[in-house]
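K.L.:
You'll find input.txt just under this line, and it carries compact mmCIF, C-alpha atoms.
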```txt
# COMPACT_ATOMS: atom_id res chain seq x y z
CA MET R 1 -4.66 -19.75 36.08
CA LYS R 2 -2.67 -16.67 35.10
CA LYS R 3 0.26 -18.81 33.95
CA ALA R 4 -2.05 -21.08 31.97
CA ALA R 5 -3.71 -18.07 30.32
CA SER R 6 -0.29 -16.61 29.50
CA VAL R 7 0.91 -19.89 27.97
CA LEU R 8 -2.30 -20.20 25.95
CA ARG R 9 -1.90 -16.64 24.69
CA TYR R 10 1.64 -17.31 23.50
CA VAL R 11 0.58 -20.58 21.86
CA ILE R 12 -2.19 -18.81 19.94
CA LEU R 13 0.13 -15.97 18.91
CA THR R 14 2.80 -18.45 17.82
CA LEU R 15 0.30 -20.40 15.72
CA GLY R 16 -0.94 -17.17 14.19
CA ALA R 17 2.63 -16.11 13.35
CA LEU R 18 3.36 -19.49 11.75
CA ILE R 19 0.19 -19.27 9.64
CA MET R 20 1.19 -15.80 8.45
CA ILE R 21 4.77 -16.85 7.68
CA LEU R 22 3.80 -20.08 5.87
CA PRO R 23 2.94 -18.45 2.48
CA PHE R 24 6.26 -16.59 2.46
CA PHE R 25 8.15 -19.78 3.27
CA TRP R 26 6.30 -21.59 0.47
CA MET R 27 7.15 -18.78 -1.96
CA LEU R 28 10.85 -18.93 -1.10
CA SER R 29 10.90 -22.73 -1.16
CA THR R 30 9.15 -22.92 -4.53
CA SER R 31 11.50 -20.33 -6.02
CA LEU R 32 14.38 -22.76 -5.40
CA LYS R 33 12.71 -25.89 -6.79
CA THR R 34 12.92 -27.59 -10.13
CA GLN R 35 9.79 -27.34 -12.27
CA PRO R 36 8.69 -30.96 -11.57
CA GLU R 37 9.02 -30.37 -7.81
CA THR R 38 6.64 -27.38 -7.95
CA VAL R 39 3.72 -29.60 -9.03
CA GLN R 40 4.68 -32.77 -7.20
CA ILE R 41 2.08 -34.48 -5.01
CA PRO R 42 2.54 -34.71 -2.05
CA PRO R 43 4.08 -31.21 -1.98
CA VAL R 44 7.83 -30.83 -1.62
CA TRP R 45 8.51 -28.41 1.20
CA ILE R 46 12.30 -28.47 0.98
CA PRO R 47 13.82 -28.86 -2.50
CA LYS R 48 16.40 -31.60 -2.83
CA GLN R 49 18.81 -29.29 -4.61
CA LEU R 50 18.52 -25.51 -4.41
CA GLN R 51 18.05 -23.97 -7.86
CA TRP R 52 19.61 -20.52 -7.39
CA GLY R 53 19.66 -20.14 -11.15
CA ASN R 54 15.87 -19.62 -11.07
CA TYR R 55 16.46 -16.04 -9.91
CA VAL R 56 18.78 -15.32 -12.81
CA GLU R 57 16.34 -16.85 -15.31
CA ALA R 58 13.44 -14.92 -13.79
CA LEU R 59 15.23 -11.60 -14.25
CA LYS R 60 16.00 -12.45 -17.87
CA ALA R 61 12.44 -13.54 -18.68
CA ALA R 62 11.08 -9.98 -18.79
CA PRO R 63 12.39 -6.39 -18.56
CA PHE R 64 12.06 -6.25 -14.78
CA ALA R 65 14.41 -3.28 -14.55
CA ARG R 66 11.85 -1.24 -16.49
CA TYR R 67 9.01 -2.64 -14.42
CA PHE R 68 10.89 -1.69 -11.27
CA VAL R 69 11.40 1.90 -12.45
CA ASN R 70 7.71 2.19 -13.33
CA SER R 71 6.68 0.85 -9.92
CA VAL R 72 8.99 3.27 -8.14
CA ILE R 73 7.68 6.24 -10.14
CA VAL R 74 4.01 5.34 -9.67
CA THR R 75 4.39 4.49 -5.98
CA THR R 76 6.36 7.64 -5.18
CA VAL R 77 4.10 10.08 -7.04
CA THR R 78 0.82 8.56 -5.82
CA THR R 79 2.03 8.41 -2.24
CA VAL R 80 3.32 12.00 -2.17
CA GLY R 81 0.27 13.31 -4.03
CA GLN R 82 -2.23 11.43 -1.91
CA LEU R 83 -0.50 12.48 1.29
CA PHE R 84 -0.50 16.14 0.26
CA THR R 85 -4.18 16.28 -0.72
CA SER R 86 -5.23 14.22 2.30
CA ILE R 87 -3.38 16.43 4.78
CA LEU R 88 -5.00 19.55 3.35
CA ALA R 89 -8.49 17.99 3.32
CA ALA R 90 -8.12 16.54 6.81
CA PHE R 91 -7.02 19.93 8.15
CA ALA R 92 -10.04 21.62 6.55
CA PHE R 93 -12.48 19.10 7.98
CA SER R 94 -10.83 19.20 11.40
CA LYS R 95 -9.91 22.82 12.16
CA LEU R 96 -11.64 25.07 9.64
CA HIS R 97 -15.28 26.04 10.13
CA PHE R 98 -17.25 26.54 6.94
CA TRP R 99 -20.86 26.11 5.90
CA GLY R 100 -21.81 22.50 5.21
CA ARG R 101 -18.55 21.06 6.57
CA ASN R 102 -20.19 18.12 8.35
CA LEU R 103 -22.56 17.43 5.44
CA VAL R 104 -19.72 17.36 2.93
CA PHE R 105 -17.70 15.14 5.24
CA MET R 106 -20.57 12.67 5.61
CA ILE R 107 -21.08 12.57 1.83
CA PHE R 108 -17.42 11.78 1.26
CA LEU R 109 -17.52 9.28 4.10
CA GLY R 110 -20.38 7.52 2.33
CA THR R 111 -18.21 7.03 -0.75
CA MET R 112 -16.06 4.64 1.26
CA MET R 113 -18.95 2.16 1.06
CA ILE R 114 -18.75 2.05 -2.74
CA PRO R 115 -16.80 -1.05 -3.88
CA GLY R 116 -13.66 -0.13 -5.76
CA GLU R 117 -14.64 -2.47 -8.60
CA MET R 118 -17.59 -0.20 -9.43
CA LEU R 119 -15.21 2.69 -10.15
CA ILE R 120 -13.03 0.84 -12.63
CA ILE R 121 -15.23 1.42 -15.69
CA PRO R 122 -16.04 5.11 -14.99
CA ASN R 123 -12.37 5.84 -14.29
CA PHE R 124 -11.23 4.01 -17.40
CA VAL R 125 -13.76 5.79 -19.62
CA THR R 126 -12.76 9.16 -18.17
CA LEU R 127 -9.06 8.56 -18.71
CA SER R 128 -9.70 7.14 -22.18
CA ASN R 129 -11.56 10.32 -23.17
CA MET R 130 -8.57 12.30 -21.88
CA HIS R 131 -6.24 10.12 -24.00
CA LEU R 132 -4.29 9.09 -20.92
CA VAL R 133 -4.58 5.31 -21.24
CA ASN R 134 -1.19 3.62 -21.34
CA THR R 135 0.54 6.59 -19.70
CA TYR R 136 1.82 7.42 -16.22
CA GLY R 137 -1.19 9.70 -15.88
CA ALA R 138 -3.56 6.74 -16.02
CA LEU R 139 -1.54 4.91 -13.38
CA ILE R 140 -1.30 7.91 -11.06
CA LEU R 141 -4.24 10.34 -11.35
CA PRO R 142 -7.05 8.16 -9.87
CA TRP R 143 -5.01 7.56 -6.72
CA LEU R 144 -3.95 11.10 -5.85
CA ALA R 145 -6.77 11.30 -3.31
CA SER R 146 -8.10 8.83 -0.78
CA PHE R 147 -10.86 9.59 1.68
CA PHE R 148 -9.73 6.75 3.92
CA THR R 149 -6.47 8.63 4.40
CA VAL R 150 -8.40 11.89 4.90
CA PHE R 151 -10.60 10.24 7.53
CA THR R 152 -7.63 8.71 9.34
CA LEU R 153 -5.70 11.99 9.45
CA ARG R 154 -8.80 13.94 10.49
CA GLN R 155 -9.21 11.65 13.49
CA THR R 156 -5.64 12.41 14.52
CA PHE R 157 -5.96 16.14 13.87
CA ASN R 158 -9.11 16.18 16.03
CA SER R 159 -7.03 14.90 18.96
CA VAL R 160 -5.02 18.15 18.85
CA PRO R 161 -6.94 20.68 21.00
CA ASP R 162 -8.50 23.62 19.17
CA GLN R 163 -6.86 25.84 21.78
CA THR R 164 -3.52 25.02 20.17
CA TYR R 165 -4.85 26.24 16.83
CA TYR R 166 -6.29 29.42 18.30
CA ALA R 167 -3.11 30.13 20.25
CA ALA R 168 -1.07 29.82 17.06
CA LYS R 169 -3.45 32.19 15.28
CA ILE R 170 -3.13 34.73 18.09
CA ASP R 171 0.67 34.52 17.77
CA GLY R 172 0.32 35.43 14.11
CA ALA R 173 0.69 32.02 12.51
CA SER R 174 -1.24 31.46 9.28
CA ASP R 175 -3.27 28.32 8.69
CA TRP R 176 -0.56 27.09 6.31
CA ARG R 177 2.18 27.60 8.90
CA PHE R 178 0.16 26.03 11.71
CA LEU R 179 -0.54 23.00 9.53
CA TRP R 180 3.02 22.28 8.42
CA HIS R 181 4.97 23.52 11.45
CA ILE R 182 2.74 22.38 14.30
CA LEU R 183 -0.05 19.99 13.29
CA VAL R 184 1.90 17.75 10.90
CA PRO R 185 4.88 17.25 13.26
CA MET R 186 2.46 16.39 16.08
CA SER R 187 0.81 13.75 13.86
CA LYS R 188 3.95 12.20 12.36
CA SER R 189 3.18 8.67 13.61
CA THR R 190 -0.21 8.57 11.88
CA ILE R 191 1.18 10.21 8.74
CA THR R 192 3.97 7.64 8.63
CA ALA R 193 1.44 4.84 9.06
CA VAL R 194 -0.82 5.93 6.20
CA THR R 195 2.26 6.59 4.06
CA VAL R 196 3.52 3.03 4.55
CA LEU R 197 0.07 1.58 3.87
CA GLN R 198 -0.22 3.62 0.67
CA VAL R 199 3.27 2.61 -0.46
CA ILE R 200 2.46 -1.06 0.05
CA GLY R 201 -0.92 -0.75 -1.67
CA SER R 202 0.48 1.13 -4.65
CA TRP R 203 3.49 -1.16 -5.02
CA ASN R 204 1.31 -4.28 -5.02
CA ALA R 205 -1.48 -2.90 -7.24
CA PHE R 206 -2.31 -5.30 -10.05
CA MET R 207 -5.81 -4.88 -11.47
CA TRP R 208 -5.70 -1.18 -12.37
CA PRO R 209 -2.22 -1.20 -14.00
CA LEU R 210 -3.27 -4.30 -15.94
CA ILE R 211 -6.37 -2.53 -17.29
CA VAL R 212 -4.86 0.83 -18.26
CA THR R 213 -1.58 -0.39 -19.78
CA ASN R 214 -0.91 -2.56 -22.81
CA ASP R 215 2.61 -1.39 -23.59
CA GLU R 216 5.29 -3.51 -21.95
CA ASN R 217 7.30 -0.38 -21.17
CA MET R 218 4.48 0.95 -18.98
CA ARG R 219 3.87 -2.15 -16.90
CA THR R 220 4.62 -2.34 -13.19
CA LEU R 221 6.17 -5.25 -11.32
CA PRO R 222 2.96 -7.09 -10.29
CA VAL R 223 1.68 -6.98 -13.89
CA GLY R 224 5.07 -8.10 -15.16
CA LEU R 225 4.68 -11.38 -13.28
CA GLN R 226 2.31 -12.48 -16.03
CA ALA R 227 5.38 -13.24 -18.12
CA PHE R 228 5.59 -16.62 -16.39
CA THR R 229 2.06 -17.66 -17.32
CA THR R 230 1.52 -18.79 -20.90
CA ASP R 231 -0.89 -21.03 -22.81
CA ALA R 232 1.47 -23.91 -22.06
CA GLY R 233 1.08 -23.38 -18.32
CA THR R 234 2.77 -21.53 -15.48
CA ASN R 235 6.42 -21.80 -14.55
CA TYR R 236 5.87 -21.67 -10.81
CA ALA R 237 9.55 -21.76 -9.88
CA LEU R 238 10.38 -18.65 -11.92
CA LEU R 239 7.12 -16.98 -10.91
CA MET R 240 7.94 -17.38 -7.23
CA ALA R 241 11.52 -16.22 -7.80
CA ALA R 242 10.24 -13.04 -9.45
CA SER R 243 7.60 -12.63 -6.72
CA THR R 244 10.39 -12.69 -4.15
CA PHE R 245 12.05 -9.73 -5.87
CA VAL R 246 8.73 -7.87 -5.88
CA ILE R 247 7.90 -8.43 -2.25
CA ILE R 248 11.31 -7.94 -0.62
CA PRO R 249 11.25 -4.08 -0.76
CA MET R 250 7.85 -3.98 0.96
CA VAL R 251 8.93 -6.47 3.62
CA ILE R 252 11.94 -4.30 4.41
CA VAL R 253 9.76 -1.18 4.58
CA TYR R 254 7.32 -2.88 6.93
CA ILE R 255 10.00 -4.33 9.21
CA PHE R 256 11.62 -0.95 9.79
CA LEU R 257 8.40 1.07 10.06
CA GLN R 258 5.98 -1.34 11.72
CA LYS R 259 6.09 0.53 15.04
CA TYR R 260 4.90 3.69 13.27
CA ILE R 261 2.03 1.78 11.66
CA ILE R 262 0.88 0.45 15.03
CA ALA R 263 1.27 3.85 16.72
CA GLY R 264 -0.47 5.63 13.87
CA ILE R 265 -3.50 3.34 13.89
CA SER R 266 -3.71 3.67 17.67
CA ASN R 267 -3.59 7.46 17.53
CA SER R 268 -6.09 7.71 14.70
CA GLY R 269 -8.94 6.27 16.75
CA LEU R 270 -9.50 3.38 14.32
CA LYS R 271 -8.67 0.60 16.75
CA GLY R 272 -11.47 -1.55 17.97
```
Once you've parsed the file, please lay out its structure as structure tokens.
P.N.:
Amino acid sequence: MKKAASVLRYVILTLGALIMILPFFWMLSTSLKTQPETVQIPPVWIPKQLQWGNYVEALKAAPFARYFVNSVIVTTVTTVGQLFTSILAAFAFSKLHFWGRNLVFMIFLGTMMIPGEMLIIPNFVTLSNMHLVNTYGALILPWLASFFTVFTLRQTFNSVPDQTYYAAKIDGASDWRFLWHILVPMSKSTITAVTVLQVIGSWNAFMWPLIVTNDENMRTLPVGLQAFTTDAGTNYALLMAASTFVIIPMVIVYIFLQKYIIAGISNSGLKG
């Protein structure tokens, strides 16, 4: 029975892995097809002749170098900014005792139930009144704080005994020094996990950059993929070739840091 259960487990995991890999395989396969093959019925899984020139044409179809720079700038600044504000907030909610701490925390926690789509119009109107539309400010400012990240880090900070905090205070350490020299190093796996998740989310963001930018020089990579969709239709081969360029950096990041993501989620208390 144990062997049968083990075999069944591996079969299920293998099927799950194949289902997850299938879209990536289809993207790579389509990026090497001719245009007729991309819409052929039944679908062509393996192109008859690999069209490596699709990648060259895709890069020439739009200023992807500029899009790449914009994506790097936005992803880097939002990730660093969000991490900084979240660490400070998580520390305050975890180790500092002030009037109304739990009430304020519950209020912010309730905001996580608000769908992100409901914030699009208020955020856009606010940024428009500040004359920040079509600037890096519009792409960055709304994402410099995330209560999900605050909540995740607070859970990890709570796992560090208060006695450690009090001992550091007795030794003369300030709150600032305790946070950055003791608490943050002890929580590096969770911090790495939320950092990777934020990088992936920011890199792949589409809706918000599409709304707040209309200048081609301010677009990010996901928005730039629209260049392959026109009134005449979509060039799926070039679209998938460009999508491959967009997704490769995030795949590399995930492959090298996946163990930190798993460890961070485990340590944060968010696992089922």
K.L.:
If we count all atoms listed in the file and set the cut-off at 12 Å, which residues sit around segment 205-209 of chain R, ignoring sequence neighbours fewer than 6 positions away in its own chain? Please answer as an NGL selection string.
P.N.:
:R and (67 or 70-71 or 74-75 or 78 or 116-117 or 119-121 or 123-124 or 133-143 or 198-199 or 215-226 or 246-247)
K.L.:
Fewer than 4 positions away in the same chain doesn't count, so skip those; otherwise give me all residues within 10 Å of Leu144 of chain R, counting all atoms listed in the file, as a PyMOL selection string.
P.N.:
chain R and resi 77-86+140
K.L.:
When you draw a straight line from atom CA of Ala237 of chain R to atom CA of Gln35 of chain R, how long is it in Å?
P.N.:
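Calculated distance between atom CA of Ala237 of chain R and atom CA of Gln35 of chain R is 6.1 Å.
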K.L.:
Calculated over all atoms listed in the file, which of the candidates R:Ile170, R:Ile87, R:Leu50, R:Val125 has the smallest distance to Val150 of chain R?
P.N.:
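Of R:Ile170, R:Ile87, R:Leu50, R:Val125, the one nearest Val150 of chain R is R:Ile87, counting all atoms listed in the file.
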K.L.:
Choose the residue, out of R:Leu257, R:Ala168, R:Ala173, R:Ala89, that has the smallest atom-to-atom separation from Leu153 of chain R; count only C-alpha atoms.
P.N.:
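So, comparing all the options, the nearest one is R:Ala89.
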K.L.:
Neighbouring residues of segment 178-181 of chain R were defined as those with any atom within 12 Å, considering only C-alpha atoms; residues of the same chain fewer than 5 positions away were excluded. Please report them as a PyMOL selection string.
P.N.:
chain R and resi 84+87-92+94-96+157+160+162+164-173+186-188
K.L.:
When you draw a straight line from atom CA of Ile114 of chain R to atom CA of Ser146 of chain R, how long is it in Å?
P.N.:
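Here the two named atoms are 12.8 Å from each other.
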